[in-house]
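Participant: Just dropping this structure here.
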Amino acid sequence: MDLKKFRKVIGDRVFNGTEETIEAERWLMSMRKEFDAHLVVEEDRVCFAMYMFHGNADDWLNSEKRMRNVMDMSWEQFENLFLDKYFPPTTRYLKCAEFAVLKQGDMTVTQLDKQFSELEHYGKHLFETPEFKARKLEGALKDVIRDRVVAVGLKTYKEVLNSALAVEASLMQSQKEREERD
């Protein structure tokens, strides 16, 4: 695939640079996904990604070009350079720590699942098996939900999630009925 075809396929998904680390990481992941889906060869990936840079990102890239030969980088090297700039190791560490202490708090189970999904790849080293992932979700649940879910002894994340959703729905229904009686 050449640059013209690639540009046509992905549209206006340019990268202007950002202070929002998650936004930068998502842009990079979307590029990786497009490259894989459209079988863009390794040798073209850096060039195609750089073409999508505008504004502050382009300024940063020009600065990098003055210090090193960016065009001869592998895609993996380019990803690391990009992440060091827009999603530095300290920020990644903080996301890992956020995942490690994730608790449901005032969130619904659905919101917890969304937060879990957004953060889990930063802490994937914290669970080695699907069962450890299920235990992590159980541990993040509110006590009133967790106590009912843990008793069942579920093995997978999906089973724990579905059970927690059902428990939450039941609790909400009970709450509604109490309010109607009062």
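Starting from 1 in every chain, residues are counted up; chains themselves are A, B, ... following the order of the structure tokens, and ligands are numbered from 1 as listed.
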Could you pull out all residues of chain A with a DSSP call of helix (DSSP H, G or I) and give them as an mmCIF file with C-alpha atoms, in the first residue's frame?
Facilitator:
```
data_model
loop_
_atom_site.group_PDB
_atom_site.id
_atom_site.type_symbol
_atom_site.label_atom_id
_atom_site.label_comp_id
_atom_site.auth_asym_id
_atom_site.auth_seq_id
_atom_site.Cartn_x
_atom_site.Cartn_y
_atom_site.Cartn_z
ATOM 1 C CA LEU A 3 0.937 6.597 1.216
ATOM 2 C CA LYS A 4 -1.809 8.005 -1.003
ATOM 3 C CA LYS A 5 -4.002 4.904 -0.585
ATOM 4 C CA PHE A 6 -3.269 4.748 3.125
ATOM 5 C CA ARG A 7 -4.203 8.403 3.606
ATOM 6 C CA LYS A 8 -7.469 7.781 1.748
ATOM 7 C CA VAL A 9 -8.289 4.781 3.947
ATOM 8 C CA ILE A 10 -7.674 6.430 7.321
ATOM 9 C CA THR A 21 -1.315 10.995 27.320
ATOM 10 C CA ILE A 22 -4.204 8.601 26.749
ATOM 11 C CA GLU A 23 -5.163 10.441 23.558
ATOM 12 C CA ALA A 24 -1.598 10.086 22.246
ATOM 13 C CA GLU A 25 -1.475 6.399 23.110
ATOM 14 C CA ARG A 26 -4.852 5.799 21.465
ATOM 15 C CA TRP A 27 -3.675 7.549 18.295
ATOM 16 C CA LEU A 28 -0.587 5.329 18.194
ATOM 17 C CA MET A 29 -2.655 2.190 18.793
ATOM 18 C CA SER A 30 -5.078 3.199 16.041
ATOM 19 C CA MET A 31 -2.159 3.631 13.634
ATOM 20 C CA ARG A 32 -0.785 0.213 14.602
ATOM 21 C CA LYS A 33 -4.222 -1.303 14.057
ATOM 22 C CA GLU A 34 -4.537 0.319 10.611
ATOM 23 C CA PHE A 35 -1.039 -0.785 9.633
ATOM 24 C CA ASP A 36 -1.816 -4.369 10.595
ATOM 25 C CA ALA A 37 -5.246 -4.376 8.935
ATOM 26 C CA GLU A 42 7.466 -2.409 8.421
ATOM 27 C CA GLU A 43 9.624 -0.186 6.210
ATOM 28 C CA ASP A 44 6.704 2.176 5.461
ATOM 29 C CA ARG A 45 5.166 2.480 8.911
ATOM 30 C CA VAL A 46 7.406 5.224 10.274
ATOM 31 C CA CYS A 47 7.052 7.315 7.120
ATOM 32 C CA PHE A 48 3.257 6.929 7.078
ATOM 33 C CA ALA A 49 2.947 7.805 10.773
ATOM 34 C CA MET A 50 5.184 10.854 10.422
ATOM 35 C CA TYR A 51 3.083 12.049 7.499
ATOM 36 C CA GLY A 55 1.278 21.296 14.404
ATOM 37 C CA ASN A 56 3.187 20.658 17.620
ATOM 38 C CA ALA A 57 3.781 17.015 16.733
ATOM 39 C CA ASP A 58 5.434 18.089 13.489
ATOM 40 C CA ASP A 59 7.597 20.590 15.393
ATOM 41 C CA TRP A 60 8.693 17.851 17.794
ATOM 42 C CA LEU A 61 9.417 15.489 14.915
ATOM 43 C CA ASN A 62 11.538 18.095 13.128
ATOM 44 C CA SER A 63 13.530 18.571 16.320
ATOM 45 C CA GLU A 64 14.059 14.802 16.569
ATOM 46 C CA LYS A 65 15.135 14.653 12.922
ATOM 47 C CA ARG A 66 17.907 17.158 13.665
ATOM 48 C CA MET A 67 19.266 14.886 16.389
ATOM 49 C CA VAL A 70 14.267 8.988 12.260
ATOM 50 C CA MET A 71 13.730 7.568 8.772
ATOM 51 C CA ASP A 72 16.052 4.641 9.485
ATOM 52 C CA TRP A 75 8.590 0.875 13.828
ATOM 53 C CA GLU A 76 9.297 -0.399 17.355
ATOM 54 C CA GLN A 77 12.010 2.240 17.850
ATOM 55 C CA PHE A 78 9.661 4.930 16.552
ATOM 56 C CA GLU A 79 6.872 3.787 18.892
ATOM 57 C CA ASN A 80 9.273 3.983 21.843
ATOM 58 C CA LEU A 81 10.424 7.473 20.822
ATOM 59 C CA PHE A 82 6.791 8.596 20.420
ATOM 60 C CA LEU A 83 5.728 7.113 23.760
ATOM 61 C CA ASP A 84 8.696 8.618 25.594
ATOM 62 C CA LYS A 85 7.574 12.025 24.343
ATOM 63 C CA TYR A 86 3.790 11.795 24.632
ATOM 64 C CA PRO A 89 7.471 6.195 31.661
ATOM 65 C CA THR A 90 6.455 8.088 34.816
ATOM 66 C CA THR A 91 2.930 8.528 33.450
ATOM 67 C CA ARG A 92 2.775 4.854 32.453
ATOM 68 C CA TYR A 93 3.870 3.926 35.966
ATOM 69 C CA LEU A 94 1.114 6.102 37.445
ATOM 70 C CA LYS A 95 -1.462 4.361 35.218
ATOM 71 C CA CYS A 96 -0.165 0.999 36.441
ATOM 72 C CA ALA A 97 -0.474 2.181 40.046
ATOM 73 C CA GLU A 98 -3.993 3.457 39.325
ATOM 74 C CA PHE A 99 -4.932 0.026 38.000
ATOM 75 C CA ALA A 100 -3.345 -1.720 40.985
ATOM 76 C CA VAL A 109 -20.275 -2.092 37.676
ATOM 77 C CA THR A 110 -20.473 -1.021 34.020
ATOM 78 C CA GLN A 111 -18.346 2.052 34.743
ATOM 79 C CA LEU A 112 -15.886 -0.097 36.705
ATOM 80 C CA ASP A 113 -15.640 -2.496 33.756
ATOM 81 C CA LYS A 114 -14.909 0.431 31.429
ATOM 82 C CA GLN A 115 -12.228 1.785 33.783
ATOM 83 C CA PHE A 116 -10.775 -1.718 34.182
ATOM 84 C CA SER A 117 -10.581 -2.118 30.394
ATOM 85 C CA GLU A 118 -8.891 1.266 29.966
ATOM 86 C CA LEU A 119 -6.258 0.563 32.605
ATOM 87 C CA GLU A 120 -5.641 -3.180 32.472
ATOM 88 C CA HIS A 121 -2.901 -3.176 29.844
ATOM 89 C CA TYR A 122 -0.775 -0.998 32.144
ATOM 90 C CA LYS A 124 -1.205 -6.827 32.788
ATOM 91 C CA HIS A 125 1.840 -8.103 34.676
ATOM 92 C CA LEU A 126 -0.333 -8.096 37.812
ATOM 93 C CA PRO A 130 -7.562 -15.429 33.329
ATOM 94 C CA GLU A 131 -8.442 -16.477 36.882
ATOM 95 C CA PHE A 132 -6.111 -13.824 38.368
ATOM 96 C CA LYS A 133 -7.863 -11.255 36.181
ATOM 97 C CA ALA A 134 -11.205 -12.423 37.568
ATOM 98 C CA ARG A 135 -9.847 -12.110 41.118
ATOM 99 C CA LYS A 136 -8.641 -8.560 40.354
ATOM 100 C CA LEU A 137 -12.140 -7.564 39.251
ATOM 101 C CA GLU A 138 -13.674 -9.194 42.328
ATOM 102 C CA GLY A 139 -11.275 -7.262 44.529
ATOM 103 C CA ALA A 140 -12.300 -3.982 42.908
ATOM 104 C CA ASP A 143 -18.151 -5.049 49.496
ATOM 105 C CA VAL A 144 -21.895 -5.621 49.144
ATOM 106 C CA ILE A 145 -21.462 -6.880 45.571
ATOM 107 C CA ARG A 146 -18.126 -8.634 46.086
ATOM 108 C CA ASP A 147 -19.423 -10.703 49.014
ATOM 109 C CA ARG A 148 -22.169 -12.171 46.827
ATOM 110 C CA VAL A 149 -19.949 -12.707 43.778
ATOM 111 C CA VAL A 150 -17.002 -14.299 45.596
ATOM 112 C CA TYR A 157 -13.515 -12.122 34.165
ATOM 113 C CA LYS A 158 -16.674 -12.374 32.071
ATOM 114 C CA GLU A 159 -18.371 -14.626 34.619
ATOM 115 C CA VAL A 160 -17.444 -12.271 37.479
ATOM 116 C CA LEU A 161 -18.600 -9.247 35.492
ATOM 117 C CA ASN A 162 -21.939 -10.819 34.563
ATOM 118 C CA SER A 163 -22.528 -11.944 38.134
ATOM 119 C CA ALA A 164 -21.641 -8.476 39.502
ATOM 120 C CA LEU A 165 -24.010 -6.844 37.011
ATOM 121 C CA ALA A 166 -26.795 -9.190 38.094
ATOM 122 C CA VAL A 167 -26.124 -8.550 41.795
ATOM 123 C CA GLU A 168 -26.062 -4.800 41.187
ATOM 124 C CA ALA A 169 -29.355 -4.956 39.279
ATOM 125 C CA SER A 170 -30.911 -6.968 42.104
ATOM 126 C CA LEU A 171 -29.671 -4.491 44.718
ATOM 127 C CA MET A 172 -31.016 -1.579 42.695
ATOM 128 C CA GLN A 173 -34.390 -3.309 42.355
ATOM 129 C CA SER A 174 -34.513 -3.944 46.094
ATOM 130 C CA GLN A 175 -33.620 -0.305 46.763
ATOM 131 C CA LYS A 176 -36.373 0.865 44.412
ATOM 132 C CA GLU A 177 -38.937 -1.389 46.083
ATOM 133 C CA ARG A 178 -37.946 -0.105 49.565
ATOM 134 C CA GLU A 179 -38.278 3.477 48.381
ATOM 135 C CA GLU A 180 -41.723 2.784 46.927
ATOM 136 C CA ARG A 181 -42.886 1.188 50.198
#
```
Participant: Which of these, A:Val14, A:Leu39, A:Met73, A:Val152, has the shortest distance to Met52 of chain A once you count only C-alpha atoms?
Facilitator: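 Under the stated criterion, the closest residue is A:Val14.
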Participant: Using only C-alpha atoms, which of the listed residues (A:Phe87, A:Asn69, A:Lys155, A:Leu102) sits closest to Glu19 of chain A?
Facilitator: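 Residue with the minimum atom-to-atom distance to Glu19 of chain A: A:Phe87.
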Participant: For a test of reading the model, state the distance in Å between atom CA of Gly11 of chain A and atom CA of His54 of chain A, rounded to one decimal.
Facilitator: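 About the pair atom CA of Gly11 of chain A and atom CA of His54 of chain A: they are 14.1 Å apart.
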Participant: Please, what distance in Å, to one decimal, runs between atom CA of Gly17 of chain A and atom CA of Phe53 of chain A?
Facilitator: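 Between atom CA of Gly17 of chain A and atom CA of Phe53 of chain A the gap works out to 7.8 Å.
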Participant: What is the distance between atom CA of Asp2 of chain A and atom CA of His38 of chain A, in Å to one decimal?
Facilitator: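 Distance reported for this atom pair: 10.5 Å.
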